[in-house]
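This is model.txt. It holds compact mmCIF, C-alpha atoms and all ligand atoms.
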```txt
# COMPACT_ATOMS: atom_id res chain seq x y z
CA MET V 1 0.00 0.00 0.00
CA TYR V 2 2.87 2.33 0.93
CA ALA V 3 4.68 1.63 -2.36
CA SER V 4 1.73 2.55 -4.53
CA SER V 5 1.08 5.77 -2.62
CA HIS V 6 4.69 6.98 -2.62
CA PRO V 7 5.37 10.20 -4.56
CA LEU V 8 8.15 8.47 -6.50
CA CYS V 9 5.54 6.13 -7.95
CA SER V 10 3.97 8.82 -10.04
CA PRO V 11 4.05 8.00 -13.77
CA THR V 12 6.34 11.01 -14.32
CA VAL V 13 9.19 9.47 -12.33
CA LYS V 14 12.06 8.59 -14.62
CA PRO V 15 13.05 4.93 -14.75
CA VAL V 16 16.22 3.96 -12.89
CA LEU V 17 19.05 2.38 -14.83
CA ILE V 18 21.24 -0.24 -13.16
CA ASN V 19 24.92 -0.09 -14.07
CA ASP V 20 26.43 -3.12 -12.38
CA THR V 21 30.10 -2.90 -11.45
CA THR V 22 30.67 -6.39 -10.04
CA LEU V 23 33.32 -6.87 -12.73
CA ARG V 24 35.14 -3.63 -11.81
CA ASP V 25 34.63 -2.34 -8.25
CA GLY V 26 33.32 -5.75 -7.16
CA GLU V 27 36.55 -7.35 -8.27
CA GLN V 28 38.58 -4.63 -6.50
CA ALA V 29 37.60 -6.28 -3.17
CA ALA V 30 40.83 -7.41 -1.55
CA GLY V 31 41.60 -11.00 -2.47
CA ILE V 32 39.13 -11.27 -5.36
CA ALA V 33 40.48 -12.11 -8.82
CA PHE V 34 38.20 -13.41 -11.56
CA GLY V 35 39.57 -15.51 -14.39
CA ILE V 36 38.61 -14.68 -17.99
CA GLU V 37 35.90 -17.37 -18.14
CA GLU V 38 34.44 -16.19 -14.83
CA LYS V 39 34.25 -12.57 -15.99
CA VAL V 40 32.59 -13.67 -19.22
CA ALA V 41 30.14 -15.95 -17.39
CA ILE V 42 29.16 -13.23 -14.88
CA ALA V 43 28.67 -10.71 -17.70
CA LYS V 44 26.44 -13.18 -19.56
CA PHE V 45 24.40 -13.87 -16.42
CA LEU V 46 23.88 -10.18 -15.65
CA ASP V 47 22.92 -9.51 -19.26
CA ALA V 48 20.52 -12.47 -19.36
CA ILE V 49 18.56 -11.18 -16.37
CA GLY V 50 18.23 -7.76 -17.96
CA VAL V 51 20.83 -5.58 -16.22
CA HIS V 52 21.07 -2.47 -18.40
CA GLU V 53 24.76 -1.66 -18.23
CA LEU V 54 27.92 -3.44 -17.08
CA GLU V 55 31.12 -1.79 -15.94
CA VAL V 56 33.29 -4.62 -17.18
CA GLY V 57 36.71 -3.74 -15.84
CA ILE V 58 39.83 -1.64 -16.28
CA PRO V 59 41.39 -2.06 -19.74
CA ALA V 60 44.59 -0.24 -18.70
CA MET V 61 45.45 -3.25 -16.51
CA GLY V 62 46.22 -5.14 -19.73
CA HIS V 63 46.87 -8.89 -19.87
CA ASP V 64 43.99 -11.16 -18.79
CA GLU V 65 41.85 -8.18 -17.76
CA ALA V 66 42.00 -6.68 -21.24
CA GLN V 67 41.43 -10.11 -22.79
CA ALA V 68 38.36 -10.69 -20.64
CA ILE V 69 36.95 -7.26 -21.51
CA ARG V 70 37.56 -7.90 -25.20
CA ALA V 71 35.86 -11.30 -24.91
CA ILE V 72 32.83 -9.67 -23.23
CA ALA V 73 32.71 -6.93 -25.88
CA ASP V 74 32.71 -9.64 -28.60
CA LEU V 75 29.62 -11.33 -27.13
CA GLY V 76 27.22 -8.75 -28.53
CA LEU V 77 25.25 -8.52 -25.27
CA ASN V 78 22.16 -6.35 -24.93
CA ALA V 79 23.68 -4.49 -21.97
CA HIS V 80 25.78 -1.40 -22.60
CA LEU V 81 29.40 -2.09 -21.67
CA LEU V 82 31.54 0.45 -19.88
CA GLY V 83 35.31 0.39 -19.28
CA TRP V 84 36.81 2.29 -16.30
CA ASN V 85 39.66 4.74 -17.02
CA ARG V 86 41.79 7.30 -15.28
CA ALA V 87 42.10 10.67 -16.98
CA VAL V 88 45.00 9.22 -18.92
CA ILE V 89 45.08 8.96 -22.72
CA SER V 90 46.81 5.56 -22.70
CA ASP V 91 43.98 4.20 -20.48
CA ILE V 92 41.48 5.30 -23.11
CA GLU V 93 43.54 3.78 -25.90
CA ALA V 94 43.44 0.51 -23.96
CA SER V 95 39.64 0.77 -23.78
CA ILE V 96 39.48 1.34 -27.53
CA HIS V 97 41.68 -1.71 -28.13
CA CYS V 98 39.24 -3.80 -26.12
CA GLY V 99 36.46 -2.90 -28.53
CA LEU V 100 34.49 -0.77 -26.06
CA ARG V 101 32.19 1.96 -27.37
CA ARG V 102 31.43 3.51 -24.03
CA ILE V 103 33.93 4.49 -21.35
CA HIS V 104 34.02 6.01 -17.90
CA ILE V 105 36.71 8.57 -17.00
CA SER V 106 37.34 9.19 -13.33
CA ILE V 107 38.84 12.32 -11.79
CA PRO V 108 39.30 13.03 -8.09
CA VAL V 109 37.18 15.98 -6.92
CA SER V 110 38.00 16.42 -3.21
CA ASP V 111 40.98 18.61 -2.24
CA MET V 112 42.68 15.70 -0.55
CA GLN V 113 42.43 13.40 -3.56
CA ILE V 114 43.43 16.15 -6.01
CA GLN V 115 46.47 16.80 -3.83
CA VAL V 116 47.50 13.14 -3.79
CA LYS V 117 46.91 12.48 -7.50
CA PHE V 118 47.54 15.81 -9.22
CA GLY V 119 49.69 17.64 -6.67
CA GLY V 120 46.74 19.97 -6.01
CA ARG V 121 46.83 21.28 -9.63
CA TRP V 122 43.10 21.22 -10.26
CA VAL V 123 43.26 23.39 -13.38
CA ALA V 124 45.73 20.96 -14.96
CA MET V 125 43.48 18.10 -13.92
CA LEU V 126 40.41 19.63 -15.56
CA GLU V 127 42.43 20.32 -18.71
CA ARG V 128 43.48 16.67 -18.70
CA LEU V 129 39.85 15.64 -18.34
CA ARG V 130 38.88 17.87 -21.27
CA ASP V 131 41.66 16.41 -23.45
CA CYS V 132 40.66 12.86 -22.52
CA ILE V 133 36.97 13.46 -23.26
CA ASN V 134 37.91 15.04 -26.61
CA PHE V 135 40.22 12.15 -27.44
CA ALA V 136 37.55 9.60 -26.59
CA ARG V 137 34.81 11.40 -28.49
CA ASP V 138 37.07 11.83 -31.51
CA HIS V 139 37.30 8.04 -31.46
CA GLY V 140 33.53 7.73 -31.43
CA LEU V 141 33.19 6.79 -27.75
CA GLU V 142 30.39 7.72 -25.39
CA VAL V 143 31.90 9.13 -22.20
CA SER V 144 30.67 9.02 -18.64
CA VAL V 145 32.64 10.99 -16.03
CA GLY V 146 33.03 10.15 -12.36
CA GLY V 147 33.85 12.45 -9.48
CA GLU V 148 35.92 10.31 -7.14
CA ASP V 149 35.32 11.34 -3.50
CA SER V 150 32.37 13.58 -4.48
CA SER V 151 31.08 13.30 -0.92
CA ARG V 152 34.10 15.16 0.51
CA ALA V 153 34.47 17.61 -2.38
CA ASP V 154 33.83 21.31 -2.11
CA GLU V 155 30.25 21.49 -3.41
CA THR V 156 30.93 24.39 -5.77
CA PHE V 157 33.98 22.65 -7.23
CA LEU V 158 32.02 19.40 -7.66
CA ILE V 159 29.29 21.20 -9.59
CA ASP V 160 31.81 23.14 -11.67
CA ALA V 161 33.69 19.95 -12.58
CA ALA V 162 30.46 18.16 -13.47
CA GLN V 163 29.28 21.10 -15.59
CA TYR V 164 32.62 21.15 -17.43
CA ALA V 165 32.28 17.42 -18.06
CA GLN V 166 28.79 18.01 -19.45
CA GLU V 167 29.97 20.93 -21.60
CA TRP V 168 32.83 18.82 -23.00
CA GLY V 169 30.41 16.07 -24.03
CA ALA V 170 30.01 13.62 -21.14
CA PHE V 171 26.64 11.85 -21.30
CA ARG V 172 26.46 11.21 -17.53
CA PHE V 173 28.13 12.23 -14.27
CA ARG V 174 28.81 9.80 -11.42
CA PHE V 175 28.53 10.97 -7.81
CA CYS V 176 30.90 8.82 -5.74
CA ASP V 177 30.73 8.37 -1.98
CA THR V 178 34.14 6.78 -2.30
CA VAL V 179 34.76 6.02 1.36
CA GLY V 180 31.13 5.57 2.39
CA ILE V 181 30.95 8.49 4.80
CA LEU V 182 27.57 10.02 3.96
CA ASP V 183 24.17 9.31 5.43
CA PRO V 184 21.00 9.33 3.31
CA PHE V 185 20.09 12.92 4.32
CA SER V 186 23.42 14.46 3.38
CA THR V 187 23.50 12.30 0.23
CA HIS V 188 20.10 13.68 -0.76
CA ASP V 189 21.21 17.30 -0.19
CA LYS V 190 24.41 16.95 -2.20
CA VAL V 191 22.96 14.93 -5.07
CA LYS V 192 19.93 17.24 -5.39
CA LYS V 193 22.23 20.24 -5.88
CA LEU V 194 24.17 18.31 -8.52
CA VAL V 195 21.05 17.10 -10.32
CA ASP V 196 19.60 20.61 -10.34
CA ALA V 197 22.83 22.00 -11.82
CA LEU V 198 23.08 19.48 -14.67
CA ASP V 199 21.15 18.49 -17.78
CA ILE V 200 22.87 15.11 -18.05
CA PRO V 201 21.86 12.20 -15.79
CA VAL V 202 23.54 11.61 -12.44
CA GLU V 203 24.69 8.15 -11.38
CA MET V 204 25.12 7.01 -7.77
CA HIS V 205 28.22 5.10 -6.67
CA THR V 206 28.06 4.34 -2.95
CA HIS V 207 30.22 2.37 -0.54
CA ASN V 208 29.15 0.41 2.49
CA ASP V 209 31.74 1.45 5.08
CA MET V 210 28.97 2.48 7.51
CA GLY V 211 26.46 -0.05 6.19
CA LEU V 212 24.61 2.67 4.26
CA ALA V 213 25.50 1.96 0.63
CA THR V 214 22.03 0.88 -0.46
CA ALA V 215 20.29 3.56 1.63
CA ASN V 216 22.53 6.25 0.15
CA ALA V 217 21.98 4.98 -3.39
CA LEU V 218 18.22 5.23 -2.80
CA ALA V 219 18.61 8.71 -1.31
CA GLY V 220 20.40 9.71 -4.51
CA VAL V 221 17.52 8.34 -6.57
CA ARG V 222 15.06 10.32 -4.46
CA ALA V 223 17.18 13.39 -5.17
CA GLY V 224 16.89 12.78 -8.91
CA ALA V 225 19.77 10.44 -9.82
CA THR V 226 18.63 8.07 -12.55
CA SER V 227 21.43 5.51 -12.59
CA VAL V 228 22.87 3.34 -9.81
CA ASN V 229 26.16 1.47 -9.67
CA THR V 230 25.63 -1.90 -7.97
CA THR V 231 27.48 -5.15 -7.35
CA VAL V 232 26.18 -8.67 -6.80
CA ASN V 233 26.16 -9.52 -3.07
CA GLY V 234 27.48 -5.99 -2.42
CA LEU V 235 31.00 -7.10 -3.34
CA GLY V 236 33.59 -4.32 -3.61
CA GLU V 237 36.35 -2.24 -2.08
CA ARG V 238 36.56 -2.58 1.74
CA ALA V 239 32.97 -3.03 3.02
CA GLY V 240 31.68 -3.21 -0.55
CA ASN V 241 29.16 -1.38 -2.73
CA ALA V 242 25.40 -1.07 -2.92
CA ALA V 243 24.16 -4.60 -3.63
CA LEU V 244 22.36 -5.18 -6.92
CA GLU V 245 19.68 -7.32 -5.28
CA GLU V 246 19.09 -4.79 -2.48
CA VAL V 247 18.87 -1.76 -4.75
CA VAL V 248 16.57 -3.42 -7.27
CA MET V 249 14.23 -4.90 -4.65
CA SER V 250 14.16 -1.66 -2.62
CA LEU V 251 13.32 0.40 -5.69
CA LYS V 252 10.51 -2.02 -6.46
CA GLN V 253 9.15 -2.66 -2.98
CA ILE V 254 9.57 0.78 -1.43
CA TYR V 255 9.08 3.09 -4.40
CA GLY V 256 7.27 0.90 -6.92
CA ILE V 257 10.04 1.51 -9.48
CA LYS V 258 10.57 -1.57 -11.62
CA ALA V 259 14.03 -1.82 -13.14
CA GLY V 260 12.90 -4.50 -15.60
CA ILE V 261 15.33 -7.05 -14.16
CA LYS V 262 14.40 -10.72 -13.73
CA THR V 263 14.70 -10.71 -9.96
CA GLN V 264 13.66 -14.36 -9.65
CA HIS V 265 17.25 -15.23 -10.65
CA PHE V 266 18.86 -13.22 -7.83
CA LEU V 267 19.48 -16.23 -5.58
CA GLU V 268 21.12 -18.20 -8.40
CA LEU V 269 23.22 -15.16 -9.40
CA SER V 270 24.28 -14.56 -5.81
CA ARG V 271 25.41 -18.17 -5.40
CA PHE V 272 27.18 -18.11 -8.75
CA VAL V 273 29.20 -15.03 -7.83
CA ALA V 274 29.82 -16.26 -4.26
CA LYS V 275 31.25 -19.47 -5.73
CA SER V 276 33.45 -17.54 -8.17
CA VAL V 277 34.91 -15.40 -5.40
CA GLN V 278 35.07 -18.34 -2.96
CA CYS V 279 33.39 -16.23 -0.35
CA PRO V 280 30.12 -17.39 1.23
CA VAL V 281 27.26 -14.93 1.68
CA PRO V 282 26.39 -14.36 5.38
CA PRO V 283 23.05 -16.01 6.33
CA TRP V 284 21.56 -12.63 7.33
CA LYS V 285 22.53 -10.87 4.04
CA ALA V 286 19.48 -8.99 2.76
CA ILE V 287 17.54 -10.65 -0.09
CA VAL V 288 19.94 -13.53 -0.81
CA GLY V 289 21.17 -14.72 2.62
CA GLU V 290 20.13 -18.21 3.74
CA ASN V 291 17.99 -16.86 6.62
CA THR V 292 16.08 -14.13 4.80
CA PHE V 293 12.97 -16.25 4.42
CA ALA V 294 13.54 -18.71 7.29
CA HIS V 295 11.30 -18.62 10.36
CA GLU V 296 12.18 -20.28 13.65
CA SER V 297 10.74 -17.98 16.32
CA GLY V 298 7.40 -19.03 17.72
CA ILE V 299 5.60 -15.71 17.32
CA HIS V 300 6.90 -15.21 13.78
CA ALA V 301 6.06 -18.74 12.65
CA HIS V 302 2.59 -18.47 14.21
CA GLY V 303 2.02 -15.29 12.18
CA VAL V 304 3.53 -16.61 8.95
CA LEU V 305 1.45 -19.79 9.12
CA LYS V 306 -1.68 -17.60 9.11
CA ASN V 307 -0.42 -14.92 6.74
CA PRO V 308 3.16 -14.85 5.38
CA SER V 309 3.08 -11.07 5.01
CA THR V 310 3.17 -10.72 8.81
CA TYR V 311 6.91 -11.39 8.77
CA GLU V 312 7.97 -11.30 5.12
CA PRO V 313 8.49 -8.08 3.15
CA PHE V 314 7.54 -9.76 -0.13
CA ASP V 315 6.96 -13.23 -1.56
CA PRO V 316 10.25 -15.19 -1.55
CA SER V 317 9.62 -16.48 -5.08
CA GLU V 318 10.18 -12.93 -6.36
CA VAL V 319 13.90 -13.43 -5.77
CA GLY V 320 14.07 -17.16 -6.47
CA ARG V 321 13.70 -18.22 -2.85
CA GLN V 322 11.41 -20.46 -0.81
CA ARG V 323 10.04 -19.95 2.67
CA ARG V 324 11.56 -22.26 5.33
CA LEU V 325 10.01 -23.10 8.66
CA VAL V 326 12.58 -24.55 11.03
CA VAL V 327 12.52 -25.59 14.69
CA GLY V 328 15.07 -24.38 17.20
CA LYS V 329 15.52 -22.70 20.57
CA HIS V 330 12.96 -19.97 19.88
CA SER V 331 10.16 -22.09 18.39
CA GLY V 332 6.64 -22.34 19.77
CA ARG V 333 3.71 -24.74 19.82
CA HIS V 334 2.07 -23.68 16.56
CA LEU V 335 5.19 -24.21 14.47
CA LEU V 336 5.99 -27.51 16.14
CA ARG V 337 2.44 -28.77 15.68
CA GLN V 338 2.48 -27.82 11.99
CA LEU V 339 5.86 -29.42 11.25
CA LEU V 340 4.94 -32.62 13.05
CA HIS V 341 1.58 -32.69 11.32
CA ASP V 342 3.32 -32.30 7.94
CA HIS V 343 5.21 -35.49 8.81
CA GLY V 344 2.13 -37.42 9.85
CA VAL V 345 2.47 -36.89 13.61
CA ASP V 346 -0.22 -35.28 15.77
CA LEU V 347 0.63 -35.15 19.46
CA SER V 348 -1.36 -34.31 22.56
CA ALA V 349 -0.73 -30.87 24.04
CA GLU V 350 1.26 -32.41 26.88
CA ASN V 351 3.51 -34.46 24.59
CA GLY V 352 3.89 -31.46 22.27
CA GLN V 353 5.24 -29.39 25.16
CA GLN V 354 7.66 -32.19 26.10
CA VAL V 355 8.97 -32.25 22.52
CA LEU V 356 9.25 -28.47 22.45
CA ASP V 357 11.32 -28.49 25.65
CA ALA V 358 13.55 -31.17 24.15
CA VAL V 359 13.91 -29.14 20.93
CA ARG V 360 15.15 -26.16 22.95
CA ASP V 361 17.70 -28.21 24.86
CA ARG V 362 18.93 -29.93 21.74
CA SER V 363 19.17 -26.70 19.75
CA VAL V 364 21.23 -24.99 22.47
CA HIS V 365 23.47 -28.05 22.60
CA LEU V 366 23.92 -28.20 18.81
CA LYS V 367 23.92 -24.39 18.36
CA ARG V 368 21.63 -24.66 15.32
CA ASN V 369 18.17 -25.61 14.09
CA LEU V 370 17.13 -29.24 14.19
CA THR V 371 16.69 -31.32 11.07
CA VAL V 372 13.35 -33.05 10.60
CA ASP V 373 14.91 -36.40 11.55
CA GLU V 374 16.34 -34.89 14.72
CA LEU V 375 12.93 -33.45 15.55
CA LEU V 376 11.15 -36.75 14.98
CA SER V 377 13.72 -38.55 17.12
CA LEU V 378 12.64 -36.41 20.08
CA ILE V 379 9.09 -37.77 20.11
CA PRO V 380 8.79 -39.96 23.24
CA LYS V 381 8.07 -43.61 22.46
CA THR V 382 5.16 -43.34 24.88
CA ALA V 383 3.72 -40.29 23.15
CA ILE V 384 -0.01 -40.38 22.77
CA PRO V 385 -1.16 -39.07 19.38
CA SER V 386 -3.82 -36.39 19.87
CA SER V 387 -6.29 -38.36 17.76
CA CYS V 388 -6.26 -41.25 20.32
C1 LIG V 401 38.00 4.74 -6.18
C2 LIG V 401 38.40 3.69 -7.15
O1 LIG V 401 37.98 2.57 -7.00
S1 LIG V 401 39.38 4.08 -8.42
C3 LIG V 401 39.77 2.58 -9.25
C4 LIG V 401 40.86 1.87 -8.53
N1 LIG V 401 41.15 0.61 -9.16
C5 LIG V 401 42.38 0.12 -9.24
O2 LIG V 401 43.36 0.72 -8.83
C6 LIG V 401 42.53 -1.26 -9.83
C7 LIG V 401 43.33 -1.32 -11.11
N2 LIG V 401 44.53 -0.55 -11.05
C8 LIG V 401 45.70 -0.95 -11.65
O3 LIG V 401 45.83 -2.03 -12.22
C9 LIG V 401 46.83 0.02 -11.59
O4 LIG V 401 46.67 0.87 -10.46
C10 LIG V 401 46.92 0.87 -12.90
C11 LIG V 401 47.20 -0.05 -14.08
C12 LIG V 401 45.61 1.61 -13.15
C13 LIG V 401 48.02 1.89 -12.75
O5 LIG V 401 49.15 1.21 -12.27
P1 LIG V 401 50.57 1.92 -11.98
O6 LIG V 401 51.00 2.66 -13.20
O7 LIG V 401 51.46 0.86 -11.48
O8 LIG V 401 50.28 3.06 -10.91
P2 LIG V 401 49.80 2.94 -9.39
O9 LIG V 401 48.59 2.11 -9.31
O10 LIG V 401 50.93 2.56 -8.48
O11 LIG V 401 49.46 4.48 -9.07
C14 LIG V 401 48.35 5.12 -9.61
C15 LIG V 401 48.75 6.23 -10.59
O12 LIG V 401 47.53 6.69 -11.23
C16 LIG V 401 47.35 8.09 -10.92
N3 LIG V 401 45.92 8.32 -10.84
C17 LIG V 401 45.05 7.87 -9.92
N4 LIG V 401 43.81 8.25 -10.23
C18 LIG V 401 43.91 8.96 -11.39
C19 LIG V 401 42.97 9.60 -12.20
N5 LIG V 401 41.67 9.58 -11.88
N6 LIG V 401 43.38 10.21 -13.33
C20 LIG V 401 44.70 10.23 -13.65
N7 LIG V 401 45.64 9.63 -12.91
C21 LIG V 401 45.23 9.00 -11.79
C22 LIG V 401 48.09 8.28 -9.61
O13 LIG V 401 48.38 9.63 -9.38
C23 LIG V 401 49.33 7.46 -9.89
O14 LIG V 401 50.10 8.17 -10.83
P3 LIG V 401 51.74 8.25 -10.83
O15 LIG V 401 52.16 6.88 -11.19
O16 LIG V 401 52.05 9.26 -11.87
O17 LIG V 401 52.09 8.66 -9.44
O1 LIG V 402 34.24 6.04 -11.09
C1 LIG V 402 34.79 6.80 -10.35
O2 LIG V 402 34.94 7.97 -10.61
C2 LIG V 402 35.34 6.28 -9.04
C3 LIG V 402 34.54 5.12 -8.67
C4 LIG V 402 34.87 4.45 -7.40
O3 LIG V 402 35.12 3.27 -7.41
C5 LIG V 402 34.76 5.15 -6.13
O4 LIG V 402 34.79 6.37 -6.06
O5 LIG V 402 34.66 4.43 -5.10
```
Once more with this new file: its structure as structure tokens, please.
Ligand SMILES: CC(=O)SCCNC(=O)CCNC(=O)[C@H](O)C(C)(C)COP(=O)(O)OP(=O)(O)OC[C@H]1O[C@@H](n2cnc3c(N)ncnc32)[C@H](O)[C@@H]1OP(=O)(O)O
Ligand SMILES: O=C(O)CCC(=O)C(=O)O
Amino acid sequence: MYASSHPLCSPTVKPVLINDTTLRDGEQAAGIAFGIEEKVAIAKFLDAIGVHELEVGIPAMGHDEAQAIRAIADLGLNAHLLGWNRAVISDIEASIHCGLRRIHISIPVSDMQIQVKFGGRWVAMLERLRDCINFARDHGLEVSVGGEDSSRADETFLIDAAQYAQEWGAFRFRFCDTVGILDPFSTHDKVKKLVDALDIPVEMHTHNDMGLATANALAGVRAGATSVNTTVNGLGERAGNAALEEVVMSLKQIYGIKAGIKTQHFLELSRFVAKSVQCPVPPWKAIVGENTFAHESGIHAHGVLKNPSTYEPFDPSEVGRQRRLVVGKHSGRHLLRQLLHDHGVDLSAENGQQVLDAVRDRSVHLKRNLTVDELLSLIPKTAIPSSC
């Protein structure tokens, strides 16, 4: 009800484009290194489920990275492909050699980052950006520009740099909360000013250092950004990026904005990427974690048995999942009765309570839920079925 009444659900709201950067910022997570086949397979998967744009990597790295990007470019996917570049002509040449038609050029925009990377010479940096955009456009490329560390940049300088990028022919500007230090309110304020100052679209790139990457990406959308950088499972530098599955499901469930992505494949995609990076997803991870549609607690299970919406934000099948009812330390009579009934056992109230007490003890001992066999093994031999 809330979703359909939200102001962002008005038909005039622009659609939100998802630009997934699992293959670029995702892979920058310490210890993650995709092989060529893995990069190709992930690109194909993302394309098959309808992700609009893929930031496929950093051509300037050369070697396998460039080969993988070239292989992805040769696939003829529906998704737009984007290569990440510094404001360096040889980076852009590398992107061209990979067969990319669309590139992203990043410049630092906070004083600190400009000092470290350009010795504080911001005029020289902007001139370099202009030359790089011109070079790329002369080679027929579409150019997106990113403001690294936008969140800590002087707001006037950020807007000036973005306006220059627009004037020189960039088709989009990326607002980067590079070290994840904003909250949704400050994100909204900063992105709104940027959106109001530009004619080209603004893209959100948020990091999860304070656990706010998805919230900040959404705040940017509410401020008028129309593109969001995501990664599968929230993979990425340090604490990661805004997770694809979280952003897409939040846009849909909270704002009623459909990104046109086949969300029922999110679980499969999450597992595929988790396997590639050899890094399991925590059980409590939003949308794709093992526990997100599991109910053990008595009060929750009682509610869900009557109406799943009591304790589920949306139907699990929307993201390729199934509801699980499991018994453990926190379970109650209703859940126990239902699970036993499903396995052909109906106990008296007294025996049911005995089993429930035993479930609690056993669960504390094992430090986990009980399997069905373990549950059934707790039924006393002398138990009197309720029907007797
Ligand atoms: C916020 C982000 O995520 S930005 C993306 C970060 N991603 C990565 O770094 C992963 C891939 N990177 C790499 O493989 C390498 O860093 C390369 C190939 C890009 C460059 O490698 P190297 O030449 O060995 O340089 P190194 O990484 O040590 O240093 C970075 C150089 O890029 C410069 N640089 C950094 N950002 C930019 C930029 N936006 N525009 C222009 N130059 C930049 C630095 O000032 C430094 O230049 P210097 O060598 O003249 O001092
Ligand atoms: O694209 C850019 O400009 C930088 C992106 C990035 O990874 C970041 O700022 O965290």
field: Contacts of segment 22-34 of chain V at 9 Å (only C-alpha atoms; same-chain gap of 2+ positions) as a ChimeraX atom specification
entry: /V:20,36-39,42-43,54-58,65,83-84,230-241,244,276-278
Selection within 7 Å of ligand LIG 401 (chain V) by only C-alpha atoms and all ligand atoms, output as a list in words: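 With only C-alpha atoms and all ligand atoms and a cut-off of 7 Å, ligand LIG 401 (chain V) is contacted by Asp25, Gln28, Ile58, Ala60, Met61, Arg86, Ala87, Val88, Ser106, Ile107, Pro108, Val116, Lys117, Phe118, Glu148 and Thr178 of chain V.
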message: Report, in Å with one decimal, the straight-line distance from atom CA of Glu374 of chain V to atom CA of Pro308 of chain V.
response: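 One can read the atom CA of Glu374 of chain V to atom CA of Pro308 of chain V distance as 25.7 Å.
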message: Report as number ranges by chain all protein, DNA and RNA residues lying within 7 Å of Trp168 of chain V, evaluated on all atoms listed in the file, omitting residues in the same chain fewer than 3 positions from it.
response: V: 130, 133, 164-165
query: For the atom pair atom CA of Val273 of chain V and atom O1 of ligand LIG 402 (chain V), what is the interatomic distance in Å to one decimal place?
result: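 Going from atom CA of Val273 of chain V over to atom O1 of ligand LIG 402 (chain V) covers 21.9 Å.
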task: Pick out the residues sitting within 12 Å of Ala294 of chain V, and hand them over as a count of residues only; count all atoms listed in the file, and ignore anything fewer than 6 positions along from it in its own chain.
output: 20
- prompt: Using only C-alpha atoms and all ligand atoms, which of V:Gly256, V:Pro280, V:Gly147, V:Gly76 sits nearest ligand LIG 402 (chain V)?
  reply: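 Counting only C-alpha atoms and all ligand atoms, the residue closest to ligand LIG 402 (chain V) is V:Gly147.
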message: One decimal, in Å: what's the spacing between atom CA of Val355 of chain V and atom CA of Leu376 of chain V?
response: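 One can read the atom CA of Val355 of chain V to atom CA of Leu376 of chain V distance as 9.0 Å.
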Given 5 Å of margin on each side, can you work out the centre and size in Å (one decimal) of an axis-aligned box holding every listed atom of ligand LIG 402 (chain V), as AutoDock Vina command-line options?
```
--center_x 34.8 --center_y 5.6 --center_z -8.1 --size_x 11.1 --size_y 14.7 --size_z 16.0
```
- prompt: Smallest atom-to-atom distance to ligand LIG 402 (chain V): which of V:Ala242, V:Ala225, V:Ile96, V:Ala66, using only C-alpha atoms and all ligand atoms?
  reply: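 The answer is V:Ala242, which sits nearest to ligand LIG 402 (chain V).
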message: What's around Val359 of chain V at 10 Å? Count all atoms listed in the file, leave out sequence neighbours fewer than 5 positions away in its own chain, and write the answer as a ChimeraX atom specification.
response: /V:327-331,336,353-354,364-365,369-370,374-375,378-379
field: Best match for closeness to Phe173 of chain V among V:Asp315, V:Asp199, V:Asp189, V:Glu155, counting all atoms listed in the file
entry: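 The shortest atom-to-atom distance to Phe173 of chain V comes from V:Asp199.
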- prompt: If you count all atoms listed in the file, which residues fall within 12 Å of Ala48 of chain V, apart from same-chain ones fewer than 2 positions away, as a list in words?
  reply: Ala41, Ile42, Ala43, Lys44, Phe45, Leu46, Gly50, Val51, His52, Glu53, Leu54, Gly76, Leu77, Asn78, Ala79, Gly260, Ile261, Lys262, Thr263, His265, Phe266 and Leu269 of chain V
- prompt: Restricting the calculation to all atoms listed in the file, which member of V:Val247, V:Pro201, V:Ala136, V:Cys279 is positioned closest to Ser90 of chain V?
  reply: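 Between V:Val247, V:Pro201, V:Ala136, V:Cys279, the residue approaching Ser90 of chain V most closely is V:Ala136.
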query: Which residue, V:Ile49, V:Leu182, V:Leu356, V:Met204, has the smallest gap to ligand LIG 402 (chain V) when you use all atoms listed in the file?
result: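 Smallest separation from ligand LIG 402 (chain V) among the options: V:Met204.
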- request: Please identify all polymer residues lying at most 12 Å from the point (33.2, 16.7, -11.9) (file coordinates), using all atoms listed in the file, and present the result as an MDAnalysis selection string.
  value: chainID V and resid 87 105:110 114 122 125:126 129:130 144:151 153:168 170 172:176 194 197:198 202
task: May I ask which of the residues V:Val40, V:Ile103, V:Ile299, V:Leu75 is the closest one to Pro59 of chain V, counting all atoms listed in the file?
output: V:Ile103
